[in-house]
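Worksheet: one structure, shown below.
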Amino acid sequence: MNFKENRPWVDGKSDMEKWSIMAAPRAYLDHNAGAPLRETARAAMLAALDAAGNASSVHGEGRAKRAAIDTARGEIAALCGARPDHVVFTSGASEAAATLLSPAYRMGRGPLRMSRLHVLATDHPCILEGGRFAPEDVIRIGVDRSGLADLDALGAALAAHDNEAGLPLVACHLANNETGVIQPVGEITAMVKQAGGFSVVDAVQGAGRLPLDIAALGADFLVLSSHKIGGPQGAGAIVAASDLAMPAPLIRGGGQEKGHRAGTENVAAIAGFGAAAAAARDDLADIAALEALRDRFEAVLTEHFPDAVLIARDTPRLANTMLFAIPGMKAETAQIAFDLAGVALSAGSACSSGKVGDSHVLAAMALGDLGSGLRISIGRETGEAELALFEAACREIAGRRQGRNRAA
């Protein structure tokens, strides 16, 4: 383990003290950032790594690699109620989004132009950035205080759209990564279809936590990420409702992925992704139990922090997600305190440097005064041991907080 990172809570301590901090029992409560690798995914990856060959080669070794990709393609399609030949593998959800958010599409052999991109103000940054659209062509649609899309605003934007200049493209998330709020995607995609446009649904957080059926959602495209469902990092997918219209490739070169994404496929990551997708379908049977466990985490939190603000608690949300703020405590400070107590959770919107910034999601919900919240996101490995560690951490942190308040 490399302790040269900027970790102020271990700086100045001996190596033995640092190892003691990190080796103590810990509760991993950050599944929305990345779920632990499933054993079935690990096994599929190792098998792919041990096999020689390039999936584009026609010899036996190459065909075996191709078979591993095809198996994974079928599993991702089954997770989404789609056809296997409508799945395009990418390096992750961000690449999938960047590919789909493009003014340039093709329908059959002819060009198809998208002139405006409409996104939700609470979307993930890979959507908010607008992909290959010019910034002035990206329209942000607001949300209410519960985090749900302002459908009237979307309807007005679509009604004002000039289809002569090009079609509207609408991108939105199925479930928010911070709050867990589930969007009325069926209503959104129906509005888009009526306006003659196309829809991209970021299903990254919904996969394995909500039933996914691309036809039922009414989406033209879904975006998926491997490591959110217990697969490896570095794999994602575009899932299309049909191959009638597809975006211009982001990465050009060889003919891999039917020309939609060039480059030699990362077979090990794809195989792990497929195995995770197969297992994720079974996770849906445990959603009620997961929600009950999430509610117990909330009960523990409010017992020790009666003034805690539970965000979007009364809004339809993922069964595994809770976002909260503790008045008087900065999210970054609270995150470090929980980490020291052996609990890994998320604070706000973390950038590549690891610093915590104000949440654009809370700002869009008119809760910007909270700055950023603390997110607990649990999964299939979470149980009584993690709940006990969280309760102990809450007791310790609340006790110190009360002591400081008395001293003040």
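Labeling convention for the structure tokens: chains A, B, ... as they appear, residues from 1 per chain, ligands from 1 in order of appearance.
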*asked:* Taking 3 positions as the minimum chain separation for residues in the same chain, which residues sit within 12 Å of Arg109 in chain A when counting only C-alpha atoms? Answer as number ranges by chain.
replied: A: 105-106, 112, 243-246, 248
With 8 Å as the cut-off and only C-alpha atoms counted, what is the closest atom pair between each nearby residue of range 175-248 of chain A and range 315-318 of chain A? Distances in Å to one decimal, ordered by chain and number, as JSON lines.
{"residue": "A:Ala175", "atom": "CA", "partner": "A:Leu318", "partner_atom": "CA", "distance": 7.1}
{"residue": "A:Thr179", "atom": "CA", "partner": "A:Arg317", "partner_atom": "CA", "distance": 7.4}
{"residue": "A:Gly180", "atom": "CA", "partner": "A:Arg317", "partner_atom": "CA", "distance": 4.7}
{"residue": "A:Val181", "atom": "CA", "partner": "A:Arg317", "partner_atom": "CA", "distance": 4.1}
{"residue": "A:Ile182", "atom": "CA", "partner": "A:Arg317", "partner_atom": "CA", "distance": 5.0}
{"residue": "A:Gly206", "atom": "CA", "partner": "A:Leu318", "partner_atom": "CA", "distance": 7.7}
{"residue": "A:Arg209", "atom": "CA", "partner": "A:Leu318", "partner_atom": "CA", "distance": 6.9}
{"residue": "A:Leu210", "atom": "CA", "partner": "A:Leu318", "partner_atom": "CA", "distance": 7.7}
*asked:* I'd like the contact shell of range 88-98 of chain A - 10 Å cut-off, only C-alpha atoms, skipping same-chain residues fewer than 2 positions apart - returned as a PyMOL selection string.
replied: chain A and resi 69+72-73+76+84-86+100-102+124-133+171+200-204+221-227+233-240+249-251+256-263+265-266+269-270+273
*Quick one: everything within 7 Å of Asn320 in chain A, counting only C-alpha atoms, minus sequence neighbours fewer than 3 positions away in the same chain. Send it as a PyMOL selection string.*
chain A and resi 290-291+294+377-379
Those residues you just picked out, can you put them in a file as a JSON list (two decimals), in the first residue's frame with N, CA, C and O atoms?
[["chain", "number", "residue", "atom", "x", "y", "z"],
["A", 290, "LEU", "N", -32.48, -5.08, 0.52],
["A", 290, "LEU", "CA", -31.50, -4.01, 0.46],
["A", 290, "LEU", "C", -32.10, -2.70, 0.94],
["A", 290, "LEU", "O", -31.47, -1.94, 1.69],
["A", 291, "GLU", "N", -33.34, -2.43, 0.54],
["A", 291, "GLU", "CA", -34.01, -1.20, 0.96],
["A", 291, "GLU", "C", -34.23, -1.20, 2.47],
["A", 291, "GLU", "O", -34.05, -0.17, 3.14],
["A", 294, "ARG", "N", -30.97, -0.35, 4.03],
["A", 294, "ARG", "CA", -30.71, 1.09, 3.84],
["A", 294, "ARG", "C", -31.49, 1.91, 4.87],
["A", 294, "ARG", "O", -30.95, 2.87, 5.46],
["A", 377, "SER", "N", -23.93, 4.30, -0.09],
["A", 377, "SER", "CA", -24.50, 3.43, -1.12],
["A", 377, "SER", "C", -24.01, 2.01, -0.84],
["A", 377, "SER", "O", -22.82, 1.76, -0.80],
["A", 378, "ILE", "N", -24.97, 1.13, -0.60],
["A", 378, "ILE", "CA", -24.66, -0.23, -0.15],
["A", 378, "ILE", "C", -24.91, -1.22, -1.28],
["A", 378, "ILE", "O", -25.41, -0.88, -2.34],
["A", 379, "GLY", "N", -24.52, -2.48, -1.02],
["A", 379, "GLY", "CA", -24.68, -3.50, -2.04],
["A", 379, "GLY", "C", -24.82, -4.88, -1.44],
["A", 379, "GLY", "O", -25.07, -5.03, -0.25]]
*Using DSSP on the backbone coordinates, identify the residues of range 60-177 of chain A assigned to strand (DSSP E); present them as a PyMOL selection string.*
chain A and resi 87-90+104-107+110-120+138-141+167-173
Would you mind listing what lies within 9 Å of Gly53 in chain A as a PDB file with N, CA and C atoms, in the first residue's frame, with only C-alpha atoms counted and same-chain residues fewer than 3 positions away left out?
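Listing of selection.pdb after writing:
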ATOM      1  N   SER A  56     -10.050 -10.480 -33.390  1.00  0.00           N
ATOM      2  CA  SER A  56     -10.275 -10.216 -34.810  1.00  0.00           C
ATOM      3  C   SER A  56      -9.597 -11.243 -35.712  1.00  0.00           C
ATOM      4  N   SER A  57      -8.825 -12.150 -35.110  1.00  0.00           N
ATOM      5  CA  SER A  57      -8.138 -13.171 -35.901  1.00  0.00           C
ATOM      6  C   SER A  57      -9.085 -14.329 -36.214  1.00  0.00           C
ATOM      7  N   HIS A  59      -8.161 -17.560 -36.713  1.00  0.00           N
ATOM      8  CA  HIS A  59      -7.742 -18.875 -36.251  1.00  0.00           C
ATOM      9  C   HIS A  59      -8.488 -19.260 -34.974  1.00  0.00           C
ATOM     10  N   GLY A  60      -8.238 -20.471 -34.511  1.00  0.00           N
ATOM     11  CA  GLY A  60      -8.986 -20.987 -33.376  1.00  0.00           C
ATOM     12  C   GLY A  60      -8.862 -20.139 -32.133  1.00  0.00           C
ATOM     13  N   GLU A  61      -7.641 -19.667 -31.856  1.00  0.00           N
ATOM     14  CA  GLU A  61      -7.447 -18.833 -30.675  1.00  0.00           C
ATOM     15  C   GLU A  61      -8.233 -17.529 -30.789  1.00  0.00           C
ATOM     16  N   GLY A  62      -8.227 -16.945 -31.971  1.00  0.00           N
ATOM     17  CA  GLY A  62      -8.973 -15.713 -32.184  1.00  0.00           C
ATOM     18  C   GLY A  62     -10.470 -15.930 -32.042  1.00  0.00           C
ATOM     19  N   ARG A  63     -10.940 -17.064 -32.582  1.00  0.00           N
ATOM     20  CA  ARG A  63     -12.373 -17.353 -32.483  1.00  0.00           C
ATOM     21  C   ARG A  63     -12.788 -17.584 -31.033  1.00  0.00           C
ATOM     22  N   ALA A  64     -11.900 -18.142 -30.233  1.00  0.00           N
ATOM     23  CA  ALA A  64     -12.208 -18.344 -28.818  1.00  0.00           C
ATOM     24  C   ALA A  64     -12.350 -16.999 -28.106  1.00  0.00           C
ATOM     25  N   LYS A  65     -11.473 -16.068 -28.438  1.00  0.00           N
ATOM     26  CA  LYS A  65     -11.588 -14.723 -27.875  1.00  0.00           C
ATOM     27  C   LYS A  65     -12.900 -14.063 -28.307  1.00  0.00           C
TER      28      LYS A  65
END
_Can you tell me, as a ChimeraX atom specification, which residues in range 196-348 of chain A count as helix (DSSP H, G or I) by DSSP?_
/A:214-217,256-259,267-304,331-340
*Which residue, A:Ala279, A:Ile397, A:Ala51, A:Ile139, has the smallest gap to Val267 in chain A when you use only C-alpha atoms?*
A:Ala51
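Within 9 Å of range 164-169 of chain A, once only C-alpha atoms are used and residues closer than 3 positions along the same chain are dropped, the contacting residues are Leu101, Ser102, Pro103, Leu112, Arg113, Met114, Ser115, Arg116, Leu117, His118, Val119, Leu158, His161, Val192, Ala195, Gly196, Gly197, Phe198, Ser199 and Val200 of chain A.
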Any chance you could export the current selection's N, CA and C atoms as a compact mmCIF listing (two decimals), in the first residue's frame?
# COMPACT_ATOMS: atom_id res chain seq x y z
N LEU A 101 -23.42 11.43 -27.52
CA LEU A 101 -23.76 12.86 -27.50
C LEU A 101 -23.04 13.56 -28.64
N SER A 102 -23.55 13.35 -29.82
CA SER A 102 -22.92 13.85 -31.04
C SER A 102 -23.96 14.46 -31.96
N PRO A 103 -23.64 15.57 -32.62
CA PRO A 103 -24.57 16.12 -33.61
C PRO A 103 -24.67 15.24 -34.86
N LEU A 112 -27.68 12.10 -40.51
CA LEU A 112 -28.79 12.54 -39.67
C LEU A 112 -28.21 13.51 -38.66
N ARG A 113 -28.74 14.72 -38.60
CA ARG A 113 -28.16 15.74 -37.75
C ARG A 113 -29.01 15.97 -36.49
N MET A 114 -28.32 16.08 -35.36
CA MET A 114 -28.92 16.50 -34.10
C MET A 114 -28.43 17.92 -33.84
N SER A 115 -29.34 18.87 -33.74
CA SER A 115 -28.91 20.27 -33.64
C SER A 115 -28.84 20.77 -32.20
N ARG A 116 -29.53 20.16 -31.29
CA ARG A 116 -29.51 20.58 -29.90
C ARG A 116 -29.48 19.35 -28.99
N LEU A 117 -28.77 19.50 -27.87
CA LEU A 117 -28.74 18.46 -26.84
C LEU A 117 -29.40 19.02 -25.60
N HIS A 118 -30.38 18.30 -25.08
CA HIS A 118 -31.06 18.68 -23.85
C HIS A 118 -30.65 17.71 -22.75
N VAL A 119 -30.18 18.23 -21.64
CA VAL A 119 -29.72 17.39 -20.52
C VAL A 119 -30.37 17.89 -19.23
N LEU A 158 -38.65 21.42 -26.05
CA LEU A 158 -38.86 20.59 -27.24
C LEU A 158 -39.83 21.26 -28.21
N HIS A 161 -38.11 23.79 -30.27
CA HIS A 161 -37.00 23.28 -31.09
C HIS A 161 -37.33 23.38 -32.58
N VAL A 192 -39.95 12.99 -25.99
CA VAL A 192 -38.92 13.10 -27.03
C VAL A 192 -39.40 12.50 -28.34
N ALA A 195 -41.73 14.68 -30.14
CA ALA A 195 -41.05 15.82 -30.75
C ALA A 195 -40.18 15.39 -31.93
N GLY A 196 -40.12 14.08 -32.21
CA GLY A 196 -39.33 13.60 -33.34
C GLY A 196 -37.86 13.46 -33.05
N GLY A 197 -37.49 13.43 -31.75
CA GLY A 197 -36.09 13.36 -31.39
C GLY A 197 -35.64 11.98 -30.95
N PHE A 198 -34.42 11.93 -30.44
CA PHE A 198 -33.83 10.69 -29.95
C PHE A 198 -33.44 10.86 -28.49
N SER A 199 -33.43 9.75 -27.75
CA SER A 199 -33.15 9.81 -26.32
C SER A 199 -32.00 8.89 -25.93
N VAL A 200 -31.16 9.39 -25.03
CA VAL A 200 -30.06 8.63 -24.44
C VAL A 200 -30.31 8.57 -22.94
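Checking A:Ala157, A:Thr122, A:Arg140, A:Ser242 one by one against His173 in chain A, counting only C-alpha atoms, you find the shortest gap at A:Thr122.
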*Considering only C-alpha atoms, return as number ranges by chain whatever protein or nucleic-acid residues lie within 10 Å of range 344-346 of chain A, sequence-local ones (same chain, fewer than 3 positions apart) excluded.*
A: 26-33, 178, 323, 331-332, 334-341, 349-350, 356, 373-378, 390
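The residue that comes closest to Gly368 in chain A, out of A:Ala385, A:Cys80, A:Ile311, A:Ile229 and on the basis of only C-alpha atoms, is A:Ile311.
Remark: for Pro184 in chain A, the closest of the candidate residues A:Asp295, A:Asp314, A:Asp150, A:Glu39 is A:Asp150 (distances computed over only C-alpha atoms).
The space separating CA of Ala268 in chain A from CA of Arg83 in chain A comes to 21.8 Å.
When CA of Ala149 in chain A is paired with CA of Leu212 in chain A, their separation reads 19.7 Å.
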*asked:* My list of candidates is A:Asn54, A:Ser359, A:Ser372, A:Thr40. Which is closest to Pro327 in chain A when distances are computed with only C-alpha atoms?
replied: A:Ser372
*Would you mind reading off the distance between CA of Gly254 in chain A and CA of Leu46 in chain A, one decimal, in Å?*
26.0 Å
